[in-house]
>>> print(open('entry_23.pdb').read())   # PDB, C-alpha atoms
ATOM      1  CA  MET T 969      30.444 -55.959  13.467
ATOM      2  CA  PRO T 970      29.726 -52.179  13.337
ATOM      3  CA  LEU T 971      33.394 -51.491  14.180
ATOM      4  CA  LYS T 972      34.505 -53.619  11.223
ATOM      5  CA  ILE T 973      32.169 -51.722   8.872
ATOM      6  CA  SER T 974      33.438 -48.398  10.235
ATOM      7  CA  ILE T 975      37.065 -49.387   9.620
ATOM      8  CA  VAL T 976      36.305 -50.538   6.055
ATOM      9  CA  ALA T 977      34.392 -47.301   5.374
ATOM     10  CA  LEU T 978      37.264 -45.231   6.772
ATOM     11  CA  LEU T 979      39.818 -47.073   4.636
ATOM     12  CA  CYS T 980      37.654 -46.578   1.535
ATOM     13  CA  LEU T 981      37.393 -42.866   2.304
ATOM     14  CA  ILE T 982      41.164 -42.499   2.797
ATOM     15  CA  PHE T 983      41.843 -44.437  -0.415
ATOM     16  CA  SER T 984      39.417 -42.304  -2.442
ATOM     17  CA  VAL T 985      40.895 -39.034  -1.094
ATOM     18  CA  THR T 986      44.486 -40.064  -1.827
ATOM     19  CA  LYS T 987      43.527 -41.445  -5.213
ATOM     20  CA  ALA T 988      41.664 -38.234  -6.088
ATOM     21  CA  GLN T 989      44.778 -36.110  -5.534
ATOM     22  CA  ILE T 990      46.720 -35.878  -8.776
ATOM     23  CA  LYS T 991      50.512 -35.676  -8.712
ATOM     24  CA  LEU T 992      51.509 -32.847 -11.048
ATOM     25  CA  THR T 993      54.744 -33.075 -13.037
ATOM     26  CA  SER T 994      57.098 -30.201 -12.155
ATOM     27  CA  GLY T 995      58.398 -28.259 -15.154
ATOM     28  CA  GLN T 996      57.515 -25.565 -17.686
ATOM     29  CA  TYR T 997      53.820 -24.908 -18.368
ATOM     30  CA  THR T 998      52.580 -22.881 -21.340
ATOM     31  CA  THR T 999      49.223 -21.303 -22.131
ATOM     32  CA  GLU T1000      47.321 -22.809 -25.043
ATOM     33  CA  ASP T1001      48.103 -19.807 -27.271
ATOM     34  CA  GLY T1002      51.840 -20.171 -26.547
ATOM     35  CA  TYR T1003      52.130 -16.587 -25.327
ATOM     36  CA  TYR T1004      53.123 -17.265 -21.739
ATOM     37  CA  THR T1005      55.216 -19.885 -19.973
ATOM     38  CA  VAL T1006      55.853 -20.378 -16.264
ATOM     39  CA  THR T1007      57.792 -22.855 -14.159
ATOM     40  CA  ILE T1008      55.887 -24.962 -11.639
ATOM     41  CA  ASN T1009      57.504 -26.925  -8.834
ATOM     42  CA  PHE T1010      55.096 -29.351  -7.207
ATOM     43  CA  SER T1011      55.152 -31.007  -3.798
ATOM     44  CA  ASP T1012      52.339 -32.788  -1.961
ATOM     45  CA  ASN T1013      50.855 -29.695  -0.306
ATOM     46  CA  GLU T1014      52.442 -26.796  -2.194
ATOM     47  CA  LEU T1015      52.673 -25.652  -5.766
ATOM     48  CA  THR T1016      55.294 -22.976  -6.523
ATOM     49  CA  LEU T1017      54.556 -20.851  -9.599
ATOM     50  CA  ILE T1018      57.674 -19.103 -10.936
ATOM     51  CA  GLU T1019      57.085 -16.289 -13.418
ATOM     52  CA  PRO T1020      59.882 -14.163 -14.882
ATOM     53  CA  ASN T1021      59.090 -11.326 -12.475
ATOM     54  CA  ARG T1022      57.758 -13.121  -9.341
ATOM     55  CA  THR T1023      57.407 -16.368  -7.447
ATOM     56  CA  SER T1024      54.131 -17.365  -5.750
ATOM     57  CA  VAL T1025      53.646 -20.314  -3.420
ATOM     58  CA  TYR T1026      50.177 -21.878  -3.582
ATOM     59  CA  SER T1027      48.973 -24.064  -0.685
ATOM     60  CA  ARG T1028      46.644 -27.018  -1.113
ATOM     61  CA  LEU T1029      43.105 -25.842  -0.419
ATOM     62  CA  THR T1030      41.234 -29.056  -1.090
ATOM     63  CA  GLY T1031      41.744 -32.070  -3.360
ATOM     64  CA  ASN T1032      43.564 -30.814  -6.456
ATOM     65  CA  VAL T1033      42.960 -27.089  -5.859
ATOM     66  CA  PHE T1034      45.735 -24.802  -4.616
ATOM     67  CA  ARG T1035      45.352 -21.221  -3.368
ATOM     68  CA  PHE T1036      47.505 -18.091  -3.230
ATOM     69  CA  VAL T1037      46.361 -14.739  -1.828
ATOM     70  CA  HIS T1038      48.491 -11.870  -3.116
ATOM     71  CA  PRO T1039      49.957 -10.092  -0.070
ATOM     72  CA  THR T1040      49.590  -6.571  -1.503
ATOM     73  CA  ASN T1041      46.264  -6.502  -3.354
ATOM     74  CA  LYS T1042      44.635  -9.432  -1.474
ATOM     75  CA  ILE T1043      43.414 -11.023  -4.724
ATOM     76  CA  ASP T1044      42.646 -14.726  -4.283
ATOM     77  CA  TYR T1045      44.192 -16.875  -7.040
ATOM     78  CA  ARG T1046      43.570 -20.584  -7.555
ATOM     79  CA  ILE T1047      45.200 -23.383  -9.552
ATOM     80  CA  GLU T1048      43.461 -26.687 -10.172
ATOM     81  CA  VAL T1049      45.512 -29.712 -11.212
ATOM     82  CA  MET T1050      43.492 -31.376 -13.981
ATOM     83  CA  ASP T1051      45.909 -34.223 -14.765
ATOM     84  CA  PRO T1052      49.687 -34.814 -14.311
ATOM     85  CA  SER T1053      50.517 -32.362 -17.114
ATOM     86  CA  THR T1054      47.629 -29.857 -17.143
ATOM     87  CA  ILE T1055      46.545 -27.064 -14.795
ATOM     88  CA  GLN T1056      43.864 -24.405 -14.888
ATOM     89  CA  THR T1057      44.280 -21.016 -13.243
ATOM     90  CA  PHE T1058      41.276 -19.066 -12.009
ATOM     91  CA  LYS T1059      39.825 -16.799  -9.336
ATOM     92  CA  PRO T1060      37.000 -18.032  -7.077
ATOM     93  CA  ASP T1061      34.548 -15.731  -8.897
ATOM     94  CA  PRO T1062      32.976 -17.967 -11.614
ATOM     95  CA  ALA T1063      32.733 -15.012 -14.010
ATOM     96  CA  SER T1064      36.536 -14.646 -14.135
ATOM     97  CA  GLY T1065      36.983 -17.708 -16.366
ATOM     98  CA  ARG T1066      39.772 -20.288 -16.435
ATOM     99  CA  PHE T1067      43.073 -20.437 -18.286
ATOM    100  CA  THR T1068      44.649 -23.761 -19.199
ATOM    101  CA  LEU T1069      48.404 -24.387 -19.141
ATOM    102  CA  ARG T1070      50.063 -27.600 -20.258
ATOM    103  CA  LEU T1071      53.454 -29.126 -19.575
ATOM    104  CA  SER T1072      55.903 -28.023 -22.260
ATOM    105  CA  SER T1073      59.585 -28.404 -22.995
ATOM    106  CA  LYS T1074      62.107 -27.463 -20.338
ATOM    107  CA  ASP T1075      63.589 -24.472 -22.170
ATOM    108  CA  ALA T1076      60.369 -22.891 -23.442
ATOM    109  CA  THR T1077      60.192 -19.948 -21.048
ATOM    110  CA  ALA T1078      61.940 -16.651 -20.676
ATOM    111  CA  ASN T1079      64.568 -16.835 -17.969
ATOM    112  CA  ASN T1080      65.186 -14.142 -15.366
ATOM    113  CA  GLU T1081      68.120 -12.629 -17.296
ATOM    114  CA  GLN T1082      65.987 -12.416 -20.434
ATOM    115  CA  PHE T1083      63.201 -10.806 -18.431
ATOM    116  CA  LYS T1084      65.534  -8.173 -16.946
ATOM    117  CA  LYS T1085      67.140  -7.358 -20.300
ATOM    118  CA  TYR T1086      63.921  -6.889 -22.266
ATOM    119  CA  PHE T1087      62.016  -5.270 -19.403
ATOM    120  CA  ALA T1088      64.763  -2.602 -19.269
ATOM    121  CA  LEU T1089      64.509  -2.234 -23.048
ATOM    122  CA  ALA T1090      60.732  -1.766 -22.788
ATOM    123  CA  GLU T1091      61.323   0.966 -20.199
ATOM    124  CA  LYS T1092      63.771   2.660 -22.604
ATOM    125  CA  TYR T1093      61.123   2.752 -25.338
ATOM    126  CA  LYS T1094      58.471   3.976 -22.889
ATOM    127  CA  ALA T1095      60.794   6.883 -22.037
ATOM    128  CA  LYS T1096      61.180   7.614 -25.777
ATOM    129  CA  MET T1097      57.374   7.774 -26.032
ATOM    130  CA  LEU T1098      57.487  10.723 -23.616
ATOM    131  CA  SER T1099      60.537  12.469 -25.062
ATOM    132  CA  ASP T1100      59.640  12.041 -28.768
ATOM    133  CA  LYS T1101      55.912  12.743 -28.833
ATOM    134  CA  LYS T1102      55.645  12.877 -32.647
ATOM    135  CA  ASP T1103      56.721   9.202 -32.821
ATOM    136  CA  ALA T1104      55.087   8.100 -29.562
ATOM    137  CA  GLN T1105      52.989   5.452 -31.330
ATOM    138  CA  LEU T1106      56.081   3.910 -32.919
ATOM    139  CA  TRP T1107      57.912   3.772 -29.584
ATOM    140  CA  SER T1108      54.858   2.277 -27.884
ATOM    141  CA  PHE T1109      54.934  -0.605 -30.395
ATOM    142  CA  CYS T1110      58.655  -1.096 -29.705
ATOM    143  CA  ALA T1111      58.010  -1.043 -25.947
ATOM    144  CA  ALA T1112      55.227  -3.614 -26.353
ATOM    145  CA  ALA T1113      57.504  -5.903 -28.384
ATOM    146  CA  ALA T1114      60.272  -5.679 -25.783
ATOM    147  CA  MET T1115      57.832  -6.358 -22.935
ATOM    148  CA  ALA T1116      56.428  -9.377 -24.783
ATOM    149  CA  ARG T1117      59.936 -10.680 -25.405
ATOM    150  CA  SER T1118      60.656 -10.433 -21.673
ATOM    151  CA  SER T1119      57.996 -12.959 -20.711
ATOM    152  CA  MET T1120      56.744 -14.950 -23.698
ATOM    153  CA  ASN T1121      58.113 -18.214 -24.982
ATOM    154  CA  ASP T1122      59.748 -18.167 -28.440
ATOM    155  CA  ASP T1123      56.687 -19.288 -30.433
ATOM    156  CA  GLY T1124      54.355 -16.865 -28.682
ATOM    157  CA  PHE T1125      56.801 -14.000 -29.099
ATOM    158  CA  LYS T1126      57.344 -14.672 -32.822
ATOM    159  CA  GLU T1127      53.609 -14.558 -33.479
ATOM    160  CA  TYR T1128      53.188 -11.384 -31.402
ATOM    161  CA  ALA T1129      56.248  -9.696 -32.957
ATOM    162  CA  LYS T1130      54.877 -10.325 -36.460
ATOM    163  CA  LYS T1131      51.685  -8.475 -35.520
ATOM    164  CA  VAL T1132      53.663  -5.603 -33.990
ATOM    165  CA  SER T1133      55.935  -5.465 -37.071
ATOM    166  CA  ALA T1134      52.920  -5.263 -39.377
ATOM    167  CA  SER T1135      51.493  -2.418 -37.273
ATOM    168  CA  ILE T1136      54.788  -0.512 -37.290
ATOM    169  CA  LYS T1137      55.091  -0.880 -41.073
ATOM    170  CA  LEU T1138      51.714   0.857 -41.408
ATOM    171  CA  ILE T1139      52.999   4.040 -39.749
ATOM    172  CA  ILE T1140      56.603   4.424 -40.993
ATOM    173  CA  THR T1141      57.900   5.397 -44.400
ATOM    174  CA  ASN T1142      61.162   3.381 -44.523
ATOM    175  CA  LYS T1143      59.973  -0.200 -44.126
ATOM    176  CA  THR T1144      63.308  -1.897 -44.875
ATOM    177  CA  ASN T1145      64.868  -1.485 -41.418
ATOM    178  CA  CYS T1146      63.155  -2.091 -38.114
ATOM    179  CA  PRO T1147      63.383   0.996 -35.890
ATOM    180  CA  CYS T1148      63.838  -1.252 -32.834
ATOM    181  CA  GLU T1149      65.873  -4.294 -33.903
ATOM    182  CA  ASP T1150      66.927  -4.797 -30.291
ATOM    183  CA  ALA T1151      63.285  -5.659 -29.517
ATOM    184  CA  ILE T1152      62.195  -7.214 -32.840
ATOM    185  CA  PRO T1153      64.781  -9.438 -34.575
ATOM    186  CA  ALA T1154      65.521  -8.632 -38.228
ATOM    187  CA  ALA T1155      64.381 -12.114 -39.332
ATOM    188  CA  ILE T1156      60.893 -11.497 -37.917
ATOM    189  CA  TRP T1157      60.794  -7.940 -39.306
ATOM    190  CA  ASN T1158      61.807  -9.091 -42.785
ATOM    191  CA  SER T1159      59.296 -11.957 -42.854
ATOM    192  CA  THR T1160      56.369  -9.628 -42.120
ATOM    193  CA  ASN T1161      54.478  -7.762 -44.829
TER
END
>>> encode(input="entry_23.pdb", output="structure tokens")
Amino acid sequence: MPLKISIVALLCLIFSVTKAQIKLTSGQYTTEDGYYTVTINFSDNELTLIEPNRTSVYSRLTGNVFRFVHPTNKIDYRIEVMDPSTIQTFKPDPASGRFTLRLSSKDATANNEQFKKYFALAEKYKAKMLSDKKDAQLWSFCAAAAMARSSMNDDGFKEYAKKVSASIKLIITNKTNCPCEDAIPAAIWNSTN
């Protein structure tokens, strides 16, 4: 009789562990504010997080929590699968807080080519900040817009670019033309007061 109870208890334990593990849907995940989108590929024991500038492979730590330790700075990052279309990113330190990302449309993120193009553009404007010191603030806004465009989804970038456009318009005299249309599209510039 005790053997029978042990087998039933073991089966219940195995069932509860497998049931507790949530199968995440692979795809594009976006922060709640829409500013950042990543690609996540999910398998039973690994979760691959693909950002425009890097790829990180998280290993299952326990249950629905995955872990990645950055090889250079040794920072411990965690991702918890909340349901099939929601994750939360965090560090083990409770004071660091959690960020929620939800499954979004397939084409919502910046691709690698977009990242390279706008990252290079941001570097160009950063160089102008150093060479044209009298307009350094202007070029820093242009650099920020280009950097945001390299990694944000379209909705997040539009909102951010409107704020940058409004800030630029406060410091320039000719407000009709954007000084960095390659970073901020004319349609966004013209729609901002």
>>> atom_distance(input="entry_23.pdb", atom1="atom CA of Met1115 of chain T", atom2="atom CA of Glu1014 of chain T")
29.6 Å
>>> atom_distance(input="entry_23.pdb", atom1="atom CA of Ala1113 of chain T", atom2="atom CA of Thr1141 of chain T")
19.6 Å
>>> resolve_selection(input="entry_23.pdb", expression="the PyMOL selection byres ((chain T and resi 1116) around 12)", output="mmCIF file with C-alpha atoms, in the frame of the given file")
data_model
loop_
_atom_site.group_PDB
_atom_site.id
_atom_site.type_symbol
_atom_site.label_atom_id
_atom_site.label_comp_id
_atom_site.auth_asym_id
_atom_site.auth_seq_id
_atom_site.Cartn_x
_atom_site.Cartn_y
_atom_site.Cartn_z
ATOM 1 C CA GLY T 1002 51.840 -20.171 -26.547
ATOM 2 C CA TYR T 1003 52.130 -16.587 -25.327
ATOM 3 C CA TYR T 1004 53.123 -17.265 -21.739
ATOM 4 C CA THR T 1005 55.216 -19.885 -19.973
ATOM 5 C CA PRO T 1020 59.882 -14.163 -14.882
ATOM 6 C CA THR T 1077 60.192 -19.948 -21.048
ATOM 7 C CA ALA T 1078 61.940 -16.651 -20.676
ATOM 8 C CA GLN T 1082 65.987 -12.416 -20.434
ATOM 9 C CA PHE T 1083 63.201 -10.806 -18.431
ATOM 10 C CA LYS T 1085 67.140 -7.358 -20.300
ATOM 11 C CA TYR T 1086 63.921 -6.889 -22.266
ATOM 12 C CA PHE T 1087 62.016 -5.270 -19.403
ATOM 13 C CA LEU T 1089 64.509 -2.234 -23.048
ATOM 14 C CA ALA T 1090 60.732 -1.766 -22.788
ATOM 15 C CA PHE T 1109 54.934 -0.605 -30.395
ATOM 16 C CA CYS T 1110 58.655 -1.096 -29.705
ATOM 17 C CA ALA T 1111 58.010 -1.043 -25.947
ATOM 18 C CA ALA T 1112 55.227 -3.614 -26.353
ATOM 19 C CA ALA T 1113 57.504 -5.903 -28.384
ATOM 20 C CA ALA T 1114 60.272 -5.679 -25.783
ATOM 21 C CA MET T 1115 57.832 -6.358 -22.935
ATOM 22 C CA ARG T 1117 59.936 -10.680 -25.405
ATOM 23 C CA SER T 1118 60.656 -10.433 -21.673
ATOM 24 C CA SER T 1119 57.996 -12.959 -20.711
ATOM 25 C CA MET T 1120 56.744 -14.950 -23.698
ATOM 26 C CA ASN T 1121 58.113 -18.214 -24.982
ATOM 27 C CA ASP T 1122 59.748 -18.167 -28.440
ATOM 28 C CA ASP T 1123 56.687 -19.288 -30.433
ATOM 29 C CA GLY T 1124 54.355 -16.865 -28.682
ATOM 30 C CA PHE T 1125 56.801 -14.000 -29.099
ATOM 31 C CA LYS T 1126 57.344 -14.672 -32.822
ATOM 32 C CA GLU T 1127 53.609 -14.558 -33.479
ATOM 33 C CA TYR T 1128 53.188 -11.384 -31.402
ATOM 34 C CA ALA T 1129 56.248 -9.696 -32.957
ATOM 35 C CA LYS T 1130 54.877 -10.325 -36.460
ATOM 36 C CA LYS T 1131 51.685 -8.475 -35.520
ATOM 37 C CA VAL T 1132 53.663 -5.603 -33.990
ATOM 38 C CA ALA T 1151 63.285 -5.659 -29.517
ATOM 39 C CA ILE T 1152 62.195 -7.214 -32.840
#
>>> atom_distance(input="entry_23.pdb", atom1="atom CA of Ser1133 of chain T", atom2="atom CA of Trp1157 of chain T")
5.9 Å
>>> resolve_selection(input="entry_23.pdb", expression="the PyMOL selection byres ((chain T and resi 1022) around 12)", output="PyMOL selection string")
chain T and resi 1006-1007+1016-1021+1023-1025+1038+1079-1080+1083-1084+1119
>>> resolve_selection(input="entry_23.pdb", expression="the PyMOL selection byres ((chain T and resi 1049) around 8)", output="count of residues only")
12
